[in-house]
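Enquirer: I have a structure I would like to understand better, so I am pasting it below and will then ask my questions one at a time.
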Amino acid sequence: MNQPQEPGEPHGPSTPSTLLVIPYFDGDRGLPDRPLTGVFYYCPSIVVSGTPSRFEFTPGQPMDVTVDVVNHGAGTSVAATSVVVWWAEPTTGFATLNWFGQEVVAVPSHGAYVARTRPITGTIPAGAPNHVCLLARATALSSSLPPDTTPDPINEPHWAQFNLMAHTVAPGETGFAFSWLAGNPGRTGARYELRVRPADADALGRLTEVLEARPSAMPDMALTIEEGDGPRLAIELDGGEQRRVHLRGDLTQGLEPGTFTAVEVAQFDVTDDPEGVPVGAIGLLLRPGSD
């Protein structure tokens with residue numbers, strides 16, 4: 001990831017009175033550290049409890065979510081902050097959001113400390129999958145965002161995502177399959193590229209925070225997007241459009257008990273930049289099944 005600034009380092013003379021950040025790492029200052037790189041699909045400031053695990057939910061049963069927020073603004077007052085959480089089916093572009101819950105938290109300026117919301121209790125409907133994406137947004141009540149603001153958890157620091165999916169690979173097997181929704185969160189058409197790759201050692205190390213298992217790096221695993229060309233797919237989507245995409249993979253070896261590996265599934269906007277601007281991503285966690 002980008003190097004964070006030191007805690008006491010100011011943004012500069014034009015720093016606004018309120019500058020809210022849902023931090024992805026210690027010392028996350030917001031815009032100076034955007035766009036995010038690395039494990040931008042997992043924000044540890046979004047914490048789930050009351051579930052089988054931090055990334056597995058039981059549809060139809062209530063669960064709690066808390067969100068951490070810091071205010072790096074230069075003001076002298078505490079910012080009353082609205083924190084909203086939504087859920088979505090596994091997606092790399094938040095074109096459809098489903099309400100989960102909301103809380104208000106007081107966040108002091110100058111990054112004095114990270115404020116945590118009270119538990120936000122909500123229920124994922126019974127018809128939803130066991131794995132869903134969570135999206136959070138922090139907004140100062142004194143300066144609400146316009147209603148048509150596009151979700152942007154990678155480039156805008158007041159947005160964040162918790163987008164981890166778990167998949168079990170049967171004992172003795174190496175093949176796996178996964179599907180998700182590519183989506184256009186904007187209001188006008190855009191061109192995207194979907195890219196999948198094995199998680200590297202650094203990313204696997206970060207993911208051990210949520211998965212109590214030993215990471216197993218597999219940089220040579222075979223990955224193919226069925227609708228595309230190997231691990232990439234060029235796709236055009238109208239504003240708000242979603243399209244299901246399918247991934248097939250083959251591990252280089254079977255997973256031993258107590259280990260895991262991961263695949264990063266990312267979506268980039270290539271409308272104006274052929275290199276691509278990151279839109280969203282999923283961390284697909286692969287674990288061994290039991291005999």
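Lettering and numbering for the structure tokens are positional, with chains as A, B, ... in the shown order, residues counted from 1 in each chain, and ligands counted from 1 in the shown order.
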Contacts of region 148-153 of chain A at 9 Å or less, counting only C-alpha atoms, minus same-chain residues fewer than 5 places along, as a JSON list (two decimals) with C-alpha atoms, in the first residue's frame?
Expert:
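Saved to part.json:
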[["chain", "number", "residue", "atom", "x", "y", "z"],
["A", 36, "LEU", "CA", -5.54, 2.25, -2.44],
["A", 40, "PHE", "CA", -8.16, -2.88, -1.07],
["A", 41, "TYR", "CA", -11.05, -5.36, -0.79],
["A", 93, "GLY", "CA", -18.84, -2.71, -8.72],
["A", 94, "PHE", "CA", -21.54, -1.56, -6.30],
["A", 95, "ALA", "CA", -24.36, -0.91, -8.76],
["A", 135, "LEU", "CA", -20.01, -1.21, 2.04],
["A", 136, "ALA", "CA", -19.74, 1.66, 4.53],
["A", 137, "ARG", "CA", -19.81, 5.44, 4.17],
["A", 158, "HIS", "CA", -15.08, 8.21, 3.44],
["A", 159, "TRP", "CA", -16.06, 4.94, 1.71],
["A", 160, "ALA", "CA", -14.78, 1.45, 2.62],
["A", 161, "GLN", "CA", -15.58, -2.15, 1.73],
["A", 185, "PRO", "CA", -21.89, 2.08, -10.03],
["A", 186, "GLY", "CA", -22.05, 5.25, -12.12],
["A", 187, "ARG", "CA", -24.92, 6.82, -14.05],
["A", 279, "VAL", "CA", -13.40, 0.38, -9.01],
["A", 280, "GLY", "CA", -13.73, -2.53, -6.61]]
Enquirer: Env of Thr76 (chain A): 9 Å cut, atoms = only C-alpha atoms, seq-sep filter 3 positions within chain, self excluded. Answer as a list in words.
Expert: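 The neighbour list is Ser17, Gly73, Pro108, Ser109 and His110 of chain A.
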Enquirer: Could the residues in this selection be saved with N, CA and C atoms as an mmCIF file, in the first residue's frame?
Expert:
data_model
loop_
_atom_site.group_PDB
_atom_site.id
_atom_site.type_symbol
_atom_site.label_atom_id
_atom_site.label_comp_id
_atom_site.auth_asym_id
_atom_site.auth_seq_id
_atom_site.Cartn_x
_atom_site.Cartn_y
_atom_site.Cartn_z
ATOM 1 N N SER A 17 -12.025 21.711 7.736
ATOM 2 C CA SER A 17 -12.276 21.527 9.170
ATOM 3 C C SER A 17 -12.666 20.098 9.498
ATOM 4 N N GLY A 73 -9.460 16.393 9.925
ATOM 5 C CA GLY A 73 -9.715 17.796 9.662
ATOM 6 C C GLY A 73 -9.028 18.711 10.651
ATOM 7 N N PRO A 108 -13.593 13.266 16.860
ATOM 8 C CA PRO A 108 -12.806 14.485 17.091
ATOM 9 C C PRO A 108 -11.880 14.790 15.923
ATOM 10 N N SER A 109 -11.524 16.058 15.773
ATOM 11 C CA SER A 109 -10.652 16.490 14.686
ATOM 12 C C SER A 109 -9.188 16.194 14.994
ATOM 13 N N HIS A 110 -8.313 16.520 14.030
ATOM 14 C CA HIS A 110 -6.866 16.372 14.142
ATOM 15 C C HIS A 110 -6.435 14.922 14.369
#
Enquirer: What's the 7 Å shell around Leu181 (chain A), counting only C-alpha atoms, without same-chain residues fewer than 2 positions away, as a PyMOL selection string?
Expert: chain A and resi 90-92+183+242-245
Enquirer: With N, CA, C and O atoms kept, could you save the residues just selected as a PDB file, in the first residue's frame?
Expert:
ATOM      1  N   PRO A  90     -22.083 -10.721  -3.984  1.00  0.00           N
ATOM      2  CA  PRO A  90     -20.672 -10.585  -4.370  1.00  0.00           C
ATOM      3  C   PRO A  90     -20.515  -9.791  -5.657  1.00  0.00           C
ATOM      4  O   PRO A  90     -21.032 -10.166  -6.709  1.00  0.00           O
ATOM      5  N   THR A  91     -19.798  -8.668  -5.585  1.00  0.00           N
ATOM      6  CA  THR A  91     -19.681  -7.765  -6.716  1.00  0.00           C
ATOM      7  C   THR A  91     -18.359  -7.021  -6.683  1.00  0.00           C
ATOM      8  O   THR A  91     -17.785  -6.793  -5.607  1.00  0.00           O
ATOM      9  N   THR A  92     -17.884  -6.630  -7.853  1.00  0.00           N
ATOM     10  CA  THR A  92     -16.700  -5.779  -7.953  1.00  0.00           C
ATOM     11  C   THR A  92     -17.075  -4.342  -8.304  1.00  0.00           C
ATOM     12  O   THR A  92     -16.187  -3.494  -8.435  1.00  0.00           O
ATOM     13  N   GLY A 183     -20.240  -4.714 -12.047  1.00  0.00           N
ATOM     14  CA  GLY A 183     -21.264  -3.681 -12.013  1.00  0.00           C
ATOM     15  C   GLY A 183     -20.718  -2.307 -12.325  1.00  0.00           C
ATOM     16  O   GLY A 183     -19.545  -2.018 -12.083  1.00  0.00           O
ATOM     17  N   GLN A 242     -25.513  -4.494 -14.205  1.00  0.00           N
ATOM     18  CA  GLN A 242     -24.721  -5.565 -13.620  1.00  0.00           C
ATOM     19  C   GLN A 242     -24.712  -6.759 -14.568  1.00  0.00           C
ATOM     20  O   GLN A 242     -25.681  -6.984 -15.304  1.00  0.00           O
ATOM     21  N   ARG A 243     -23.638  -7.523 -14.529  1.00  0.00           N
ATOM     22  CA  ARG A 243     -23.554  -8.710 -15.373  1.00  0.00           C
ATOM     23  C   ARG A 243     -22.788  -9.795 -14.641  1.00  0.00           C
ATOM     24  O   ARG A 243     -21.728  -9.533 -14.065  1.00  0.00           O
ATOM     25  N   ARG A 244     -23.340 -11.006 -14.644  1.00  0.00           N
ATOM     26  CA  ARG A 244     -22.679 -12.100 -13.932  1.00  0.00           C
ATOM     27  C   ARG A 244     -21.504 -12.632 -14.740  1.00  0.00           C
ATOM     28  O   ARG A 244     -21.585 -12.799 -15.952  1.00  0.00           O
ATOM     29  N   VAL A 245     -20.425 -12.895 -14.029  1.00  0.00           N
ATOM     30  CA  VAL A 245     -19.184 -13.366 -14.630  1.00  0.00           C
ATOM     31  C   VAL A 245     -18.728 -14.613 -13.870  1.00  0.00           C
ATOM     32  O   VAL A 245     -18.982 -14.749 -12.664  1.00  0.00           O
TER      33      VAL A 245
END
Enquirer: Just how far from CA of Val69 (chain A) is CA of Pro125 (chain A), in Å to one decimal?
Expert: 27.1 Å
Enquirer: CA of Thr66 (chain A) and CA of Ser45 (chain A), how far apart in Å?
Expert: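 Computed distance, CA of Ser45 (chain A) to CA of Thr66 (chain A), equals 7.8 Å.
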Enquirer: Could you name the residues that touch Val265 (chain A) at 7 Å or less, counting only C-alpha atoms, but leaving out those on the same chain fewer than 2 positions away, as a ChimeraX atom specification?
Expert: /A:195-197,263,281-283
Enquirer: So what do you get for CA of Asp33 (chain A) versus CA of Trp99 (chain A), distance-wise?
Expert: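 Computing it gives 28.1 Å between the two atoms.
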Enquirer: Hey, which of A:Glu89, A:Glu275, A:Asp202, A:Glu56 ends up closest to Gly127 (chain A)? Count only C-alpha atoms.
Expert: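 Closest to Gly127 (chain A), using only C-alpha atoms: A:Glu89.
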Enquirer: Using only C-alpha atoms, which of the listed residues (A:Pro171, A:Gly254, A:Gly239, A:Pro23) sits closest to Tyr113 (chain A)?
Expert: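 Between A:Pro171, A:Gly254, A:Gly239, A:Pro23, the residue approaching Tyr113 (chain A) most closely is A:Pro23.
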Enquirer: If you run DSSP over the backbone, which residues in region 48-153 of chain A end up strand (DSSP E)? Put them as number ranges by chain.
Expert: A: 48-49, 62-71, 79-88, 98-107, 115-116, 120-123, 133-140
Enquirer: For those residues, write C-alpha atoms to a file as an mmCIF file, in the first residue's frame.
Expert:
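Below is the file that was written, selection.cif:
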data_model
loop_
_atom_site.group_PDB
_atom_site.id
_atom_site.type_symbol
_atom_site.label_atom_id
_atom_site.label_comp_id
_atom_site.auth_asym_id
_atom_site.auth_seq_id
_atom_site.Cartn_x
_atom_site.Cartn_y
_atom_site.Cartn_z
ATOM 1 C CA VAL A 48 -18.631 -8.138 11.877
ATOM 2 C CA SER A 49 -19.755 -10.086 14.947
ATOM 3 C CA PRO A 62 -29.335 -10.699 12.842
ATOM 4 C CA MET A 63 -25.691 -9.709 13.062
ATOM 5 C CA ASP A 64 -23.713 -6.708 14.260
ATOM 6 C CA VAL A 65 -21.352 -4.439 12.345
ATOM 7 C CA THR A 66 -19.144 -1.698 13.786
ATOM 8 C CA VAL A 67 -17.198 0.845 11.746
ATOM 9 C CA ASP A 68 -14.132 2.845 12.795
ATOM 10 C CA VAL A 69 -13.808 6.455 11.648
ATOM 11 C CA VAL A 70 -11.060 9.054 12.083
ATOM 12 C CA ASN A 71 -11.256 12.799 11.403
ATOM 13 C CA ALA A 79 -17.828 16.041 13.970
ATOM 14 C CA ALA A 80 -21.204 14.366 14.387
ATOM 15 C CA THR A 81 -20.869 11.661 11.751
ATOM 16 C CA SER A 82 -23.456 9.466 10.094
ATOM 17 C CA VAL A 83 -22.163 5.993 9.255
ATOM 18 C CA VAL A 84 -24.287 3.950 6.860
ATOM 19 C CA VAL A 85 -23.722 0.281 6.013
ATOM 20 C CA TRP A 86 -25.118 -1.502 2.963
ATOM 21 C CA TRP A 87 -24.811 -5.089 1.750
ATOM 22 C CA ALA A 88 -24.661 -6.471 -1.770
ATOM 23 C CA ASN A 98 -29.219 -2.994 0.035
ATOM 24 C CA TRP A 99 -29.741 -1.166 3.308
ATOM 25 C CA PHE A 100 -28.220 -2.742 6.414
ATOM 26 C CA GLY A 101 -28.203 -0.015 9.078
ATOM 27 C CA GLN A 102 -26.977 3.366 10.310
ATOM 28 C CA GLU A 103 -25.384 4.912 13.392
ATOM 29 C CA VAL A 104 -24.157 8.359 14.427
ATOM 30 C CA VAL A 105 -20.775 8.723 16.114
ATOM 31 C CA ALA A 106 -18.826 11.731 17.417
ATOM 32 C CA VAL A 107 -15.388 11.956 15.774
ATOM 33 C CA ALA A 115 -13.972 6.575 16.915
ATOM 34 C CA ARG A 116 -16.012 3.377 16.686
ATOM 35 C CA ILE A 120 -25.215 -1.587 13.927
ATOM 36 C CA THR A 121 -27.636 -4.506 13.985
ATOM 37 C CA GLY A 122 -29.183 -5.722 10.766
ATOM 38 C CA THR A 123 -30.324 -8.885 9.023
ATOM 39 C CA CYS A 133 -20.164 -7.631 0.386
ATOM 40 C CA LEU A 134 -20.398 -4.865 2.977
ATOM 41 C CA LEU A 135 -20.007 -1.207 2.036
ATOM 42 C CA ALA A 136 -19.738 1.656 4.532
ATOM 43 C CA ARG A 137 -19.815 5.443 4.165
ATOM 44 C CA ALA A 138 -19.031 8.116 6.771
ATOM 45 C CA THR A 139 -20.572 11.569 6.307
ATOM 46 C CA ALA A 140 -20.460 14.622 8.562
#
